[in-house]
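S.K.: The structure's right below; bear with me while I get my questions together.
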Amino acid sequence: MAHTFEELVHKRRAADLAQHRVEELRDSYGPPTQHQWTPRQSDTYETAVRAWRDLDRDARTAMSEYVKEGGQSRHKIEAKLRKAVQEDDRSTCATTCMC
């Protein structure tokens, strides 16, 4: 499947947002070994972790396919991708945040 660089940015950003959600839940609920999570909290957390894992796998797979198709070094593409995701985050924040 042919992937565009914009698709890679979108997939990486989605995976990063899912990871951020998992971290937010962990911070909100507290460590599971120190606090008794409710069944709903456990289900919510497990669902978030699965989503993150699936999105990250999709992003990594798309990256591998993109590198194979384009013939560029993975290192250069990853650096370009990180920069694009960061720039996308900054432009999103500039239009939606009150920073």
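Residue names in the structure tokens use chain letters A, B, ... in the order shown, residue numbers from 1 in each chain, and ligand numbers from 1 in the order shown.
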As JSON, numbers by chain, please: every residue in chain A that DSSP puts in alpha helix (DSSP H).
M.R.: {"A": [5, 6, 7, 8, 9, 10, 11, 12, 13, 14, 15, 16, 17, 18, 19, 20, 21, 22, 23, 24, 25, 26, 27, 28, 29, 39, 40, 41, 42, 43, 44, 45, 46, 47, 48, 49, 50, 51, 52, 53, 54, 55, 56, 57, 58, 59, 60, 61, 62, 63, 64, 65, 66, 67, 68, 69, 70, 74, 75, 76, 77, 78, 79, 80, 81, 82, 83, 84, 85, 86, 87, 88, 89, 90, 91, 92, 93, 94, 95, 96]}
S.K.: Given the selection you just returned, output its residues as a file containing C-alpha atoms, formatted as a PDB file, in the first residue's frame.
M.R.:
```pdb
ATOM      1  CA  PHE A   5       4.255  11.557   3.974  1.00  0.00           C
ATOM      2  CA  GLU A   6       1.100  13.346   5.158  1.00  0.00           C
ATOM      3  CA  GLU A   7      -0.410   9.963   6.047  1.00  0.00           C
ATOM      4  CA  LEU A   8       2.679   9.156   8.091  1.00  0.00           C
ATOM      5  CA  VAL A   9       2.322  12.443   9.973  1.00  0.00           C
ATOM      6  CA  HIS A  10      -1.351  11.740  10.633  1.00  0.00           C
ATOM      7  CA  LYS A  11      -0.680   8.190  11.842  1.00  0.00           C
ATOM      8  CA  ARG A  12       2.227   9.214  14.093  1.00  0.00           C
ATOM      9  CA  ARG A  13       0.214  12.095  15.549  1.00  0.00           C
ATOM     10  CA  ALA A  14      -2.725   9.762  16.286  1.00  0.00           C
ATOM     11  CA  ALA A  15      -0.403   7.293  18.024  1.00  0.00           C
ATOM     12  CA  ASP A  16       1.218  10.086  20.037  1.00  0.00           C
ATOM     13  CA  LEU A  17      -2.186  11.420  21.117  1.00  0.00           C
ATOM     14  CA  ALA A  18      -3.240   7.917  22.170  1.00  0.00           C
ATOM     15  CA  GLN A  19      -0.062   7.589  24.222  1.00  0.00           C
ATOM     16  CA  HIS A  20      -0.759  10.943  25.843  1.00  0.00           C
ATOM     17  CA  ARG A  21      -4.270   9.747  26.747  1.00  0.00           C
ATOM     18  CA  VAL A  22      -2.852   6.630  28.429  1.00  0.00           C
ATOM     19  CA  GLU A  23      -0.462   8.800  30.427  1.00  0.00           C
ATOM     20  CA  GLU A  24      -3.310  11.133  31.441  1.00  0.00           C
ATOM     21  CA  LEU A  25      -5.392   8.193  32.656  1.00  0.00           C
ATOM     22  CA  ARG A  26      -2.460   6.756  34.600  1.00  0.00           C
ATOM     23  CA  ASP A  27      -1.849  10.130  36.237  1.00  0.00           C
ATOM     24  CA  SER A  28      -5.532  10.575  37.003  1.00  0.00           C
ATOM     25  CA  TYR A  29      -6.174   7.090  38.386  1.00  0.00           C
ATOM     26  CA  PRO A  39     -13.875  -1.902  36.911  1.00  0.00           C
ATOM     27  CA  ARG A  40     -14.786   1.047  34.696  1.00  0.00           C
ATOM     28  CA  GLN A  41     -11.368   2.649  35.218  1.00  0.00           C
ATOM     29  CA  SER A  42      -9.656  -0.641  34.422  1.00  0.00           C
ATOM     30  CA  ASP A  43     -11.700  -1.081  31.246  1.00  0.00           C
ATOM     31  CA  THR A  44     -11.071   2.512  30.156  1.00  0.00           C
ATOM     32  CA  TYR A  45      -7.349   2.194  30.734  1.00  0.00           C
ATOM     33  CA  GLU A  46      -7.080  -1.182  28.984  1.00  0.00           C
ATOM     34  CA  THR A  47      -9.022   0.154  25.990  1.00  0.00           C
ATOM     35  CA  ALA A  48      -6.750   3.198  25.792  1.00  0.00           C
ATOM     36  CA  VAL A  49      -3.631   1.020  25.933  1.00  0.00           C
ATOM     37  CA  ARG A  50      -4.953  -1.251  23.168  1.00  0.00           C
ATOM     38  CA  ALA A  51      -5.785   1.782  21.008  1.00  0.00           C
ATOM     39  CA  TRP A  52      -2.311   3.218  21.556  1.00  0.00           C
ATOM     40  CA  ARG A  53      -0.653  -0.114  20.753  1.00  0.00           C
ATOM     41  CA  ASP A  54      -2.713  -0.548  17.562  1.00  0.00           C
ATOM     42  CA  LEU A  55      -2.147   3.020  16.362  1.00  0.00           C
ATOM     43  CA  ASP A  56       1.575   2.810  17.083  1.00  0.00           C
ATOM     44  CA  ARG A  57       1.836  -0.490  15.207  1.00  0.00           C
ATOM     45  CA  ASP A  58      -0.010   1.021  12.224  1.00  0.00           C
ATOM     46  CA  ALA A  59       2.296   4.054  12.241  1.00  0.00           C
ATOM     47  CA  ARG A  60       5.432   1.876  12.392  1.00  0.00           C
ATOM     48  CA  THR A  61       4.152  -0.408   9.622  1.00  0.00           C
ATOM     49  CA  ALA A  62       3.317   2.560   7.397  1.00  0.00           C
ATOM     50  CA  MET A  63       6.782   3.995   8.067  1.00  0.00           C
ATOM     51  CA  SER A  64       8.446   0.726   7.048  1.00  0.00           C
ATOM     52  CA  GLU A  65       6.424   0.557   3.846  1.00  0.00           C
ATOM     53  CA  TYR A  66       7.126   4.218   3.065  1.00  0.00           C
ATOM     54  CA  VAL A  67      10.868   3.710   3.524  1.00  0.00           C
ATOM     55  CA  LYS A  68      10.858   0.615   1.302  1.00  0.00           C
ATOM     56  CA  GLU A  69       8.907   2.418  -1.423  1.00  0.00           C
ATOM     57  CA  GLY A  70      10.920   5.636  -1.310  1.00  0.00           C
ATOM     58  CA  ARG A  74      14.774   5.381   7.710  1.00  0.00           C
ATOM     59  CA  HIS A  75      16.759   7.700   9.983  1.00  0.00           C
ATOM     60  CA  LYS A  76      16.215  10.709   7.693  1.00  0.00           C
ATOM     61  CA  ILE A  77      12.511   9.967   7.246  1.00  0.00           C
ATOM     62  CA  GLU A  78      12.004   9.556  11.016  1.00  0.00           C
ATOM     63  CA  ALA A  79      13.740  12.878  11.701  1.00  0.00           C
ATOM     64  CA  LYS A  80      11.624  14.597   9.053  1.00  0.00           C
ATOM     65  CA  LEU A  81       8.497  12.972  10.500  1.00  0.00           C
ATOM     66  CA  ARG A  82       9.293  14.077  14.083  1.00  0.00           C
ATOM     67  CA  LYS A  83       9.823  17.635  12.858  1.00  0.00           C
ATOM     68  CA  ALA A  84       6.559  17.614  10.880  1.00  0.00           C
ATOM     69  CA  VAL A  85       4.579  16.257  13.846  1.00  0.00           C
ATOM     70  CA  GLN A  86       6.084  18.905  16.152  1.00  0.00           C
ATOM     71  CA  GLU A  87       5.298  21.675  13.670  1.00  0.00           C
ATOM     72  CA  ASP A  88       1.775  20.324  13.267  1.00  0.00           C
ATOM     73  CA  ASP A  89       1.377  20.319  17.055  1.00  0.00           C
ATOM     74  CA  ARG A  90       2.575  23.912  17.287  1.00  0.00           C
ATOM     75  CA  SER A  91       0.277  25.124  14.514  1.00  0.00           C
ATOM     76  CA  THR A  92      -2.678  23.298  16.099  1.00  0.00           C
ATOM     77  CA  CYS A  93      -1.897  24.842  19.464  1.00  0.00           C
ATOM     78  CA  ALA A  94      -1.574  28.303  17.926  1.00  0.00           C
ATOM     79  CA  THR A  95      -5.088  28.079  16.538  1.00  0.00           C
ATOM     80  CA  THR A  96      -6.818  26.263  19.411  1.00  0.00           C
TER      81      THR A  96
END
```
